[in-house]
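To be precise, the following lines are protein.pdb, and they hold PDB, C-alpha atoms, pLDDT in the B column.
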```
ATOM      1  CA  MET A   1      -4.570 -28.019  -4.382  1.00 83.00           C
ATOM      2  CA  GLU A   2      -6.109 -30.234  -1.721  1.00 89.00           C
ATOM      3  CA  HIS A   3      -2.941 -30.822   0.282  1.00 91.00           C
ATOM      4  CA  ILE A   4       0.373 -29.019   0.421  1.00 90.00           C
ATOM      5  CA  ASN A   5       2.065 -32.243  -0.729  1.00 91.00           C
ATOM      6  CA  ASP A   6       0.422 -31.645  -4.104  1.00 93.00           C
ATOM      7  CA  GLU A   7       2.766 -28.694  -4.676  1.00 94.00           C
ATOM      8  CA  MET A   8       5.606 -29.562  -2.297  1.00 95.00           C
ATOM      9  CA  GLU A   9       8.316 -29.111  -4.921  1.00 96.00           C
ATOM     10  CA  PHE A  10       7.137 -25.588  -5.709  1.00 96.00           C
ATOM     11  CA  LEU A  11       6.573 -24.669  -2.038  1.00 97.00           C
ATOM     12  CA  THR A  12      10.015 -25.976  -1.074  1.00 97.00           C
ATOM     13  CA  SER A  13      11.589 -23.905  -3.822  1.00 97.00           C
ATOM     14  CA  MET A  14       9.686 -20.824  -2.638  1.00 97.00           C
ATOM     15  CA  VAL A  15      10.668 -21.276   1.022  1.00 97.00           C
ATOM     16  CA  LYS A  16      14.339 -21.763   0.166  1.00 97.00           C
ATOM     17  CA  GLY A  17      14.309 -18.886  -2.320  1.00 98.00           C
ATOM     18  CA  ILE A  18      12.900 -16.377   0.180  1.00 97.00           C
ATOM     19  CA  ALA A  19      15.431 -17.455   2.812  1.00 97.00           C
ATOM     20  CA  LYS A  20      18.323 -17.154   0.354  1.00 97.00           C
ATOM     21  CA  GLN A  21      17.137 -13.737  -0.771  1.00 97.00           C
ATOM     22  CA  PHE A  22      17.018 -12.208   2.723  1.00 97.00           C
ATOM     23  CA  GLY A  23      19.811 -14.128   4.444  1.00 96.00           C
ATOM     24  CA  ASN A  24      20.430 -15.796   7.797  1.00 96.00           C
ATOM     25  CA  ASN A  25      18.198 -13.420   9.766  1.00 96.00           C
ATOM     26  CA  CYS A  26      15.140 -14.498   7.795  1.00 97.00           C
ATOM     27  CA  GLU A  27      13.289 -17.583   8.990  1.00 96.00           C
ATOM     28  CA  VAL A  28      10.855 -19.091   6.473  1.00 97.00           C
ATOM     29  CA  VAL A  29       8.459 -21.821   7.583  1.00 93.00           C
ATOM     30  CA  LEU A  30       5.999 -24.097   5.800  1.00 95.00           C
ATOM     31  CA  LEU A  31       3.272 -25.605   8.002  1.00 90.00           C
ATOM     32  CA  ASP A  32       0.831 -28.393   7.285  1.00 90.00           C
ATOM     33  CA  LEU A  33      -2.451 -27.268   8.859  1.00 86.00           C
ATOM     34  CA  THR A  34      -4.256 -30.518   8.084  1.00 86.00           C
ATOM     35  CA  GLN A  35      -2.381 -31.987  11.044  1.00 74.00           C
ATOM     36  CA  HIS A  36      -3.966 -29.631  13.565  1.00 65.00           C
ATOM     37  CA  GLU A  37      -6.135 -32.310  15.201  1.00 59.00           C
ATOM     38  CA  LYS A  38      -3.001 -34.268  16.090  1.00 62.00           C
ATOM     39  CA  TYR A  39      -0.500 -31.489  16.663  1.00 56.00           C
ATOM     40  CA  GLY A  40      -2.671 -28.583  17.807  1.00 60.00           C
ATOM     41  CA  SER A  41      -2.034 -25.668  15.486  1.00 63.00           C
ATOM     42  CA  GLY A  42      -0.342 -27.374  12.598  1.00 73.00           C
ATOM     43  CA  LEU A  43       2.980 -29.075  11.929  1.00 86.00           C
ATOM     44  CA  ILE A  44       6.202 -27.533  10.622  1.00 90.00           C
ATOM     45  CA  VAL A  45       7.210 -29.611   7.600  1.00 94.00           C
ATOM     46  CA  LEU A  46       9.908 -27.313   6.249  1.00 96.00           C
ATOM     47  CA  ILE A  47      11.951 -24.541   7.845  1.00 97.00           C
ATOM     48  CA  GLU A  48      14.919 -22.431   6.789  1.00 97.00           C
ATOM     49  CA  ASN A  49      17.012 -20.498   9.326  1.00 97.00           C
ATOM     50  CA  GLY A  50      15.155 -22.019  12.243  1.00 95.00           C
ATOM     51  CA  HIS A  51      17.733 -20.519  14.627  1.00 95.00           C
ATOM     52  CA  VAL A  52      15.749 -17.266  14.448  1.00 95.00           C
ATOM     53  CA  THR A  53      12.947 -18.651  16.626  1.00 92.00           C
ATOM     54  CA  GLY A  54      14.648 -21.865  17.748  1.00 93.00           C
ATOM     55  CA  ARG A  55      12.096 -24.074  15.979  1.00 91.00           C
ATOM     56  CA  LYS A  56      12.628 -27.148  13.804  1.00 94.00           C
ATOM     57  CA  VAL A  57      10.758 -29.546  11.553  1.00 94.00           C
ATOM     58  CA  GLY A  58       8.169 -31.382  13.626  1.00 90.00           C
ATOM     59  CA  ASP A  59       7.376 -28.451  15.918  1.00 87.00           C
ATOM     60  CA  THR A  60       3.897 -26.941  16.028  1.00 81.00           C
ATOM     61  CA  GLY A  61       2.659 -23.594  14.737  1.00 77.00           C
ATOM     62  CA  THR A  62       1.551 -20.490  16.624  1.00 71.00           C
ATOM     63  CA  ASN A  63      -1.694 -19.128  18.047  1.00 64.00           C
ATOM     64  CA  LEU A  64      -2.515 -17.334  14.776  1.00 63.00           C
ATOM     65  CA  GLY A  65      -3.040 -20.670  13.078  1.00 55.00           C
ATOM     66  CA  LEU A  66      -5.511 -21.678  15.751  1.00 57.00           C
ATOM     67  CA  GLU A  67      -7.645 -18.593  15.086  1.00 58.00           C
ATOM     68  CA  VAL A  68      -7.728 -19.264  11.361  1.00 57.00           C
ATOM     69  CA  LEU A  69      -8.505 -22.951  11.831  1.00 55.00           C
ATOM     70  CA  ARG A  70     -11.250 -22.130  14.334  1.00 55.00           C
ATOM     71  CA  GLY A  71     -12.739 -19.613  11.917  1.00 53.00           C
ATOM     72  CA  THR A  72     -12.357 -16.750  14.384  1.00 50.00           C
ATOM     73  CA  ASP A  73     -10.003 -14.952  12.006  1.00 55.00           C
ATOM     74  CA  ARG A  74     -11.605 -14.983   8.572  1.00 60.00           C
ATOM     75  CA  GLU A  75      -9.187 -12.557   6.962  1.00 65.00           C
ATOM     76  CA  GLY A  76      -6.343 -15.012   7.323  1.00 69.00           C
ATOM     77  CA  ASP A  77      -3.171 -13.523   5.864  1.00 85.00           C
ATOM     78  CA  LYS A  78      -1.206 -11.125   8.045  1.00 86.00           C
ATOM     79  CA  HIS A  79       1.511  -8.928   6.567  1.00 89.00           C
ATOM     80  CA  ASN A  80       4.392  -7.052   8.138  1.00 91.00           C
ATOM     81  CA  TYR A  81       3.488  -7.309  11.820  1.00 88.00           C
ATOM     82  CA  LEU A  82       5.774  -7.216  14.847  1.00 90.00           C
ATOM     83  CA  THR A  83       6.440 -10.311  16.940  1.00 88.00           C
ATOM     84  CA  LYS A  84       8.853 -11.307  19.685  1.00 88.00           C
ATOM     85  CA  THR A  85      10.703 -14.552  20.393  1.00 88.00           C
ATOM     86  CA  LYS A  86      10.916 -16.182  23.832  1.00 87.00           C
ATOM     87  CA  ASP A  87      14.387 -14.677  24.349  1.00 89.00           C
ATOM     88  CA  GLY A  88      13.171 -11.177  23.457  1.00 89.00           C
ATOM     89  CA  ARG A  89      14.351 -10.851  19.850  1.00 91.00           C
ATOM     90  CA  MET A  90      12.137  -8.625  17.696  1.00 94.00           C
ATOM     91  CA  LEU A  91      10.805  -9.935  14.383  1.00 92.00           C
ATOM     92  CA  ARG A  92       8.923  -8.495  11.425  1.00 94.00           C
ATOM     93  CA  SER A  93       6.583 -11.249  10.339  1.00 90.00           C
ATOM     94  CA  THR A  94       4.220 -12.223   7.554  1.00 91.00           C
ATOM     95  CA  THR A  95       1.879 -15.219   7.473  1.00 89.00           C
ATOM     96  CA  MET A  96       0.199 -16.350   4.242  1.00 90.00           C
ATOM     97  CA  TYR A  97      -2.341 -19.182   4.217  1.00 88.00           C
ATOM     98  CA  ILE A  98      -2.759 -21.848   1.564  1.00 90.00           C
ATOM     99  CA  ARG A  99      -6.341 -22.961   1.023  1.00 89.00           C
ATOM    100  CA  ASN A 100      -7.931 -25.890  -0.761  1.00 90.00           C
ATOM    101  CA  SER A 101     -10.711 -25.760  -3.336  1.00 90.00           C
ATOM    102  CA  LYS A 102     -13.273 -25.292  -0.560  1.00 89.00           C
ATOM    103  CA  GLY A 103     -11.435 -22.340   0.915  1.00 85.00           C
ATOM    104  CA  ARG A 104     -10.254 -24.224   3.972  1.00 85.00           C
ATOM    105  CA  PRO A 105      -6.705 -23.560   5.214  1.00 84.00           C
ATOM    106  CA  ILE A 106      -4.427 -26.513   4.543  1.00 88.00           C
ATOM    107  CA  GLY A 107      -1.072 -24.870   5.114  1.00 88.00           C
ATOM    108  CA  CYS A 108       0.745 -21.613   5.543  1.00 89.00           C
ATOM    109  CA  ILE A 109       4.062 -19.948   4.837  1.00 93.00           C
ATOM    110  CA  CYS A 110       5.484 -17.784   7.608  1.00 92.00           C
ATOM    111  CA  ILE A 111       8.315 -15.281   7.182  1.00 94.00           C
ATOM    112  CA  ASN A 112      10.034 -13.995  10.313  1.00 94.00           C
ATOM    113  CA  TYR A 113      12.845 -11.488   9.877  1.00 97.00           C
ATOM    114  CA  ASP A 114      15.006 -10.780  12.928  1.00 97.00           C
ATOM    115  CA  ILE A 115      15.354  -6.983  13.189  1.00 96.00           C
ATOM    116  CA  THR A 116      16.849  -6.929  16.691  1.00 95.00           C
ATOM    117  CA  SER A 117      20.349  -5.885  15.608  1.00 94.00           C
ATOM    118  CA  LEU A 118      18.883  -3.323  13.207  1.00 93.00           C
ATOM    119  CA  MET A 119      16.835  -1.783  16.022  1.00 92.00           C
ATOM    120  CA  VAL A 120      19.929  -1.599  18.242  1.00 91.00           C
ATOM    121  CA  ALA A 121      21.891   0.019  15.413  1.00 93.00           C
ATOM    122  CA  GLU A 122      19.038   2.448  14.722  1.00 91.00           C
ATOM    123  CA  SER A 123      18.946   3.443  18.390  1.00 90.00           C
ATOM    124  CA  ALA A 124      22.716   4.014  18.427  1.00 90.00           C
ATOM    125  CA  ILE A 125      22.578   6.080  15.233  1.00 90.00           C
ATOM    126  CA  LYS A 126      19.707   8.205  16.541  1.00 87.00           C
ATOM    127  CA  GLU A 127      21.587   8.863  19.767  1.00 84.00           C
ATOM    128  CA  PHE A 128      24.729   9.847  17.879  1.00 85.00           C
ATOM    129  CA  THR A 129      22.914  12.074  15.368  1.00 82.00           C
ATOM    130  CA  ASP A 130      20.598  13.704  17.904  1.00 81.00           C
ATOM    131  CA  LEU A 131      21.359  17.426  17.596  1.00 77.00           C
ATOM    132  CA  SER A 132      19.092  18.596  20.404  1.00 78.00           C
ATOM    133  CA  ASN A 133      21.985  18.730  22.873  1.00 76.00           C
ATOM    134  CA  VAL A 134      24.700  19.756  20.423  1.00 70.00           C
ATOM    135  CA  ASN A 135      26.516  23.043  21.017  1.00 70.00           C
ATOM    136  CA  THR A 136      25.746  25.140  17.946  1.00 67.00           C
ATOM    137  CA  ASP A 137      27.615  28.221  19.197  1.00 71.00           C
ATOM    138  CA  VAL A 138      30.984  26.863  18.074  1.00 63.00           C
ATOM    139  CA  LYS A 139      31.675  27.510  14.392  1.00 66.00           C
ATOM    140  CA  GLU A 140      34.602  25.596  12.933  1.00 65.00           C
ATOM    141  CA  VAL A 141      35.384  25.578   9.227  1.00 62.00           C
ATOM    142  CA  PHE A 142      37.595  23.011   7.531  1.00 65.00           C
ATOM    143  CA  VAL A 143      39.494  24.452   4.572  1.00 61.00           C
ATOM    144  CA  ASN A 144      42.676  23.808   2.620  1.00 68.00           C
ATOM    145  CA  ASN A 145      44.634  26.972   3.417  1.00 80.00           C
ATOM    146  CA  VAL A 146      44.641  30.005   5.679  1.00 82.00           C
ATOM    147  CA  ASN A 147      43.393  32.339   2.938  1.00 83.00           C
ATOM    148  CA  ASP A 148      40.194  30.313   2.795  1.00 88.00           C
ATOM    149  CA  VAL A 149      39.848  30.772   6.556  1.00 89.00           C
ATOM    150  CA  LEU A 150      40.109  34.527   6.108  1.00 91.00           C
ATOM    151  CA  ALA A 151      37.487  34.482   3.355  1.00 91.00           C
ATOM    152  CA  VAL A 152      35.109  32.612   5.669  1.00 90.00           C
ATOM    153  CA  LEU A 153      35.737  35.071   8.513  1.00 92.00           C
ATOM    154  CA  ILE A 154      35.090  38.050   6.246  1.00 93.00           C
ATOM    155  CA  GLN A 155      31.804  36.510   5.135  1.00 92.00           C
ATOM    156  CA  GLU A 156      30.871  35.898   8.772  1.00 91.00           C
ATOM    157  CA  ALA A 157      31.667  39.550   9.529  1.00 93.00           C
ATOM    158  CA  GLN A 158      29.390  40.580   6.670  1.00 92.00           C
ATOM    159  CA  ASN A 159      26.593  38.418   8.102  1.00 91.00           C
ATOM    160  CA  HIS A 160      27.253  39.821  11.563  1.00 91.00           C
ATOM    161  CA  ILE A 161      26.832  43.396  10.316  1.00 93.00           C
ATOM    162  CA  GLY A 162      23.828  42.574   8.122  1.00 92.00           C
ATOM    163  CA  THR A 163      24.411  45.426   5.671  1.00 90.00           C
ATOM    164  CA  PRO A 164      25.972  45.341   2.173  1.00 91.00           C
ATOM    165  CA  VAL A 165      29.459  46.869   2.049  1.00 90.00           C
ATOM    166  CA  ALA A 166      28.303  49.653  -0.270  1.00 90.00           C
ATOM    167  CA  LEU A 167      25.777  50.797   2.344  1.00 93.00           C
ATOM    168  CA  MET A 168      27.957  50.399   5.425  1.00 92.00           C
ATOM    169  CA  SER A 169      28.528  53.368   7.681  1.00 94.00           C
ATOM    170  CA  LYS A 170      31.751  53.988   9.571  1.00 93.00           C
ATOM    171  CA  GLU A 171      30.161  52.332  12.617  1.00 94.00           C
ATOM    172  CA  ASP A 172      29.214  49.278  10.542  1.00 94.00           C
ATOM    173  CA  LYS A 173      32.771  48.877   9.282  1.00 94.00           C
ATOM    174  CA  MET A 174      34.184  49.271  12.761  1.00 93.00           C
ATOM    175  CA  LYS A 175      31.731  46.623  13.955  1.00 94.00           C
ATOM    176  CA  GLY A 176      32.990  44.277  11.235  1.00 94.00           C
ATOM    177  CA  ILE A 177      36.635  44.961  12.037  1.00 94.00           C
ATOM    178  CA  LYS A 178      35.973  44.369  15.732  1.00 93.00           C
ATOM    179  CA  TYR A 179      34.378  41.025  14.845  1.00 93.00           C
ATOM    180  CA  LEU A 180      37.352  40.024  12.694  1.00 93.00           C
ATOM    181  CA  ASP A 181      39.805  41.076  15.384  1.00 93.00           C
ATOM    182  CA  GLU A 182      38.041  38.987  18.005  1.00 91.00           C
ATOM    183  CA  LYS A 183      38.084  35.999  15.645  1.00 90.00           C
ATOM    184  CA  GLY A 184      41.871  36.334  15.172  1.00 91.00           C
ATOM    185  CA  ALA A 185      41.701  37.367  11.520  1.00 92.00           C
ATOM    186  CA  PHE A 186      44.588  39.803  11.879  1.00 91.00           C
ATOM    187  CA  LEU A 187      46.893  36.968  12.938  1.00 90.00           C
ATOM    188  CA  ILE A 188      46.755  35.756   9.338  1.00 91.00           C
ATOM    189  CA  GLN A 189      49.649  37.058   7.253  1.00 88.00           C
ATOM    190  CA  LYS A 190      48.698  39.936   4.924  1.00 88.00           C
ATOM    191  CA  SER A 191      45.090  39.763   6.091  1.00 92.00           C
ATOM    192  CA  GLY A 192      44.997  43.571   6.392  1.00 93.00           C
ATOM    193  CA  ASP A 193      45.250  43.988   2.607  1.00 93.00           C
ATOM    194  CA  LYS A 194      42.240  41.776   1.934  1.00 93.00           C
ATOM    195  CA  ILE A 195      40.201  43.295   4.726  1.00 95.00           C
ATOM    196  CA  CYS A 196      40.932  46.804   3.433  1.00 95.00           C
ATOM    197  CA  ASP A 197      39.897  45.768  -0.061  1.00 94.00           C
ATOM    198  CA  TYR A 198      36.674  44.232   1.220  1.00 93.00           C
ATOM    199  CA  PHE A 199      35.609  47.218   3.311  1.00 93.00           C
ATOM    200  CA  ASN A 200      37.004  49.691   0.746  1.00 94.00           C
ATOM    201  CA  ILE A 201      39.180  51.516   3.279  1.00 94.00           C
ATOM    202  CA  SER A 202      42.849  52.426   3.450  1.00 95.00           C
ATOM    203  CA  LYS A 203      45.332  50.746   5.757  1.00 92.00           C
ATOM    204  CA  TYR A 204      45.596  53.983   7.696  1.00 93.00           C
ATOM    205  CA  THR A 205      41.836  53.891   8.306  1.00 95.00           C
ATOM    206  CA  LEU A 206      41.982  50.199   9.169  1.00 94.00           C
ATOM    207  CA  TYR A 207      44.607  50.729  11.865  1.00 92.00           C
ATOM    208  CA  ASN A 208      42.718  53.704  13.253  1.00 93.00           C
ATOM    209  CA  TYR A 209      39.591  51.582  13.511  1.00 93.00           C
ATOM    210  CA  LEU A 210      41.591  48.805  15.145  1.00 92.00           C
ATOM    211  CA  ASP A 211      43.044  51.207  17.711  1.00 92.00           C
ATOM    212  CA  VAL A 212      39.560  52.403  18.593  1.00 91.00           C
ATOM    213  CA  VAL A 213      37.951  48.974  18.949  1.00 89.00           C
ATOM    214  CA  ARG A 214      40.856  47.587  20.922  1.00 89.00           C
ATOM    215  CA  SER A 215      40.899  50.550  23.277  1.00 88.00           C
ATOM    216  CA  GLU A 216      37.192  50.060  23.864  1.00 84.00           C
ATOM    217  CA  GLN A 217      37.824  46.430  24.771  1.00 77.00           C
ATOM    218  CA  LYS A 218      40.450  47.455  27.342  1.00 73.00           C
ATOM    219  CA  ALA A 219      38.234  50.121  28.871  1.00 61.00           C
TER
END
```

Taking this structure as input, can you express it in the form of structure tokens?
Amino acid sequence: MEHINDEMEFLTSMVKGIAKQFGNNCEVVLLDLTQHEKYGSGLIVLIENGHVTGRKVGDTGTNLGLEVLRGTDREGDKHNYLTKTKDGRMLRSTTMYIRNSKGRPIGCICINYDITSLMVAESAIKEFTDLSNVNTDVKEVFVNNVNDVLAVLIQEAQNHIGTPVALMSKEDKMKGIKYLDEKGAFLIQKSGDKICDYFNISKYTLYNYLDVVRSEQKA
């Protein structure tokens, strides 16, 4: 290819295809770099979604094209770099150069994807999901019925004591009952039966333990 016009049908299809694939936030530009002597850094001959940067057919290219044309930048292609529009919108960009048989740049395809709204959304999500200032002392459990609540409280009491039921001393069981009482477990109907079964004590013992722990709280 000696001029982009040699493959304009294919290049047009490519530019339109990329823009269709990524939607309205994706600007895709085809520049003719053989026009640099007249237009500076090349001439836009095809553009899709030009509203992203506010450019149109007939406008000139960017400073990157100048570096490649001058020979300062010999690597040429640039992938996935960050750019900014005049009005402050952030873009993820890629520039790919088209060269002739002598290796000279004759055109380029530029892809500029507007990520401004995504960055705003990301910032909002991070702020909302930031757990550094969240109160982790409050433990609330969502269940289907009150018996499930009791089961959760009993498990929490077990964790609070830190000893298997079979190895619990009287003091351990009283500690667990005190925890359950403070959490309101005994407000649940027939909770005493399940708590007795769990700690393997009689109701008489349960009420004795309750009397002791409640009297200690009043003291």

Near-A:Cys110 list (10 Å; only C-alpha atoms; drop same-chain fewer than 6 positions) as a list in words
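In the requested format, the answer is Val15, Glu27, Val28, Val29, Leu30, Leu31, Ile47, Gly61, Asp77, Lys78, His79, Ser93, Thr94, Thr95, Met96 and Tyr97 of chain A.
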
Determine the residue membership of the PyMOL selection byres ((chain A and resi 14) around 12) for the file above and supply it as a list in words.
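Listing what the PyMOL selection byres ((chain A and resi 14) around 12) selects in the shown file: Glu7, Met8, Glu9, Phe10, Leu11, Thr12, Ser13, Val15, Lys16, Gly17, Ile18, Ala19, Lys20, Gln21, Val28, Val29, Leu30, Leu46, Ile47, Glu48, Ile109, Cys110 and Ile111 of chain A.
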
Hey, can you check how far atom CA of A:Asn208 sits from atom CA of A:Ala166?
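These atoms are spaced 20.2 Å apart.
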
Let me make sure I understand: among A:Ala124, A:Phe199, A:Leu187, A:Glu216, which one has the smallest atom-to-atom distance to A:Leu167 if we use all atoms listed in the file?
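Nearest candidate to A:Leu167 out of A:Ala124, A:Phe199, A:Leu187, A:Glu216: A:Phe199.
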
Using the chain letters and numbers from the file, give me the residues hit by the PyMOL selection byres ((chain A and resi 209) around 10), as number ranges by chain.
A: 170-171, 173-175, 177-178, 203-208, 210-215

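In this model, the gap between atom CA of A:Val165 and atom CA of A:Val152 comes to 15.8 Å.
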
Around (11.3, -6.6, 9.8) in the file's own coordinates, what residues are found within 7 Å if you use only C-alpha atoms, given back as a list in words?
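Residues satisfying the cut-off, written out: Leu91, Arg92, Ser93, Tyr113, Asp114 and Ile115 of chain A.
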
Just how far from atom CA of A:Met90 is atom CA of A:Phe128, in Å to one decimal?
22.4 Å

Expected selection from the PyMOL selection byres ((chain A and resi 147) around 12), given as an mmCIF file with C-alpha atoms, in the frame of the given file:
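Okay, this is what ended up in expr-v9.cif:
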```
data_model
loop_
_atom_site.group_PDB
_atom_site.id
_atom_site.type_symbol
_atom_site.label_atom_id
_atom_site.label_comp_id
_atom_site.auth_asym_id
_atom_site.auth_seq_id
_atom_site.Cartn_x
_atom_site.Cartn_y
_atom_site.Cartn_z
ATOM 1 C CA PHE A 142 37.595 23.011 7.531
ATOM 2 C CA VAL A 143 39.494 24.452 4.572
ATOM 3 C CA ASN A 144 42.676 23.808 2.620
ATOM 4 C CA ASN A 145 44.634 26.972 3.417
ATOM 5 C CA VAL A 146 44.641 30.005 5.679
ATOM 6 C CA ASP A 148 40.194 30.313 2.795
ATOM 7 C CA VAL A 149 39.848 30.772 6.556
ATOM 8 C CA LEU A 150 40.109 34.527 6.108
ATOM 9 C CA ALA A 151 37.487 34.482 3.355
ATOM 10 C CA VAL A 152 35.109 32.612 5.669
ATOM 11 C CA LEU A 153 35.737 35.071 8.513
ATOM 12 C CA ILE A 154 35.090 38.050 6.246
ATOM 13 C CA ALA A 185 41.701 37.367 11.520
ATOM 14 C CA PHE A 186 44.588 39.803 11.879
ATOM 15 C CA LEU A 187 46.893 36.968 12.938
ATOM 16 C CA ILE A 188 46.755 35.756 9.338
ATOM 17 C CA GLN A 189 49.649 37.058 7.253
ATOM 18 C CA LYS A 190 48.698 39.936 4.924
ATOM 19 C CA SER A 191 45.090 39.763 6.091
ATOM 20 C CA GLY A 192 44.997 43.571 6.392
ATOM 21 C CA ASP A 193 45.250 43.988 2.607
ATOM 22 C CA LYS A 194 42.240 41.776 1.934
ATOM 23 C CA ILE A 195 40.201 43.295 4.726
#
```

Rank nothing, just name the residue among A:Leu33, A:Arg89, A:Asp197, A:Arg99 nearest to A:Leu118, using all atoms listed in the file.
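Ranked by minimum distance to A:Leu118, first place goes to A:Arg89.
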
A:Asn159, A:Asn80, A:Thr53, A:Ser202 ranked by distance to A:Leu180, top pick (using all atoms listed in the file)
A:Asn159

I'd like the contact shell of stretch 3-6 of chain A - 10 Å cut-off, all atoms listed in the file, skipping same-chain residues fewer than 6 positions apart - returned as JSON, numbers by chain.
{"A": [30, 31, 32, 33, 34, 45, 98, 99, 100, 101, 105, 106, 107, 108]}
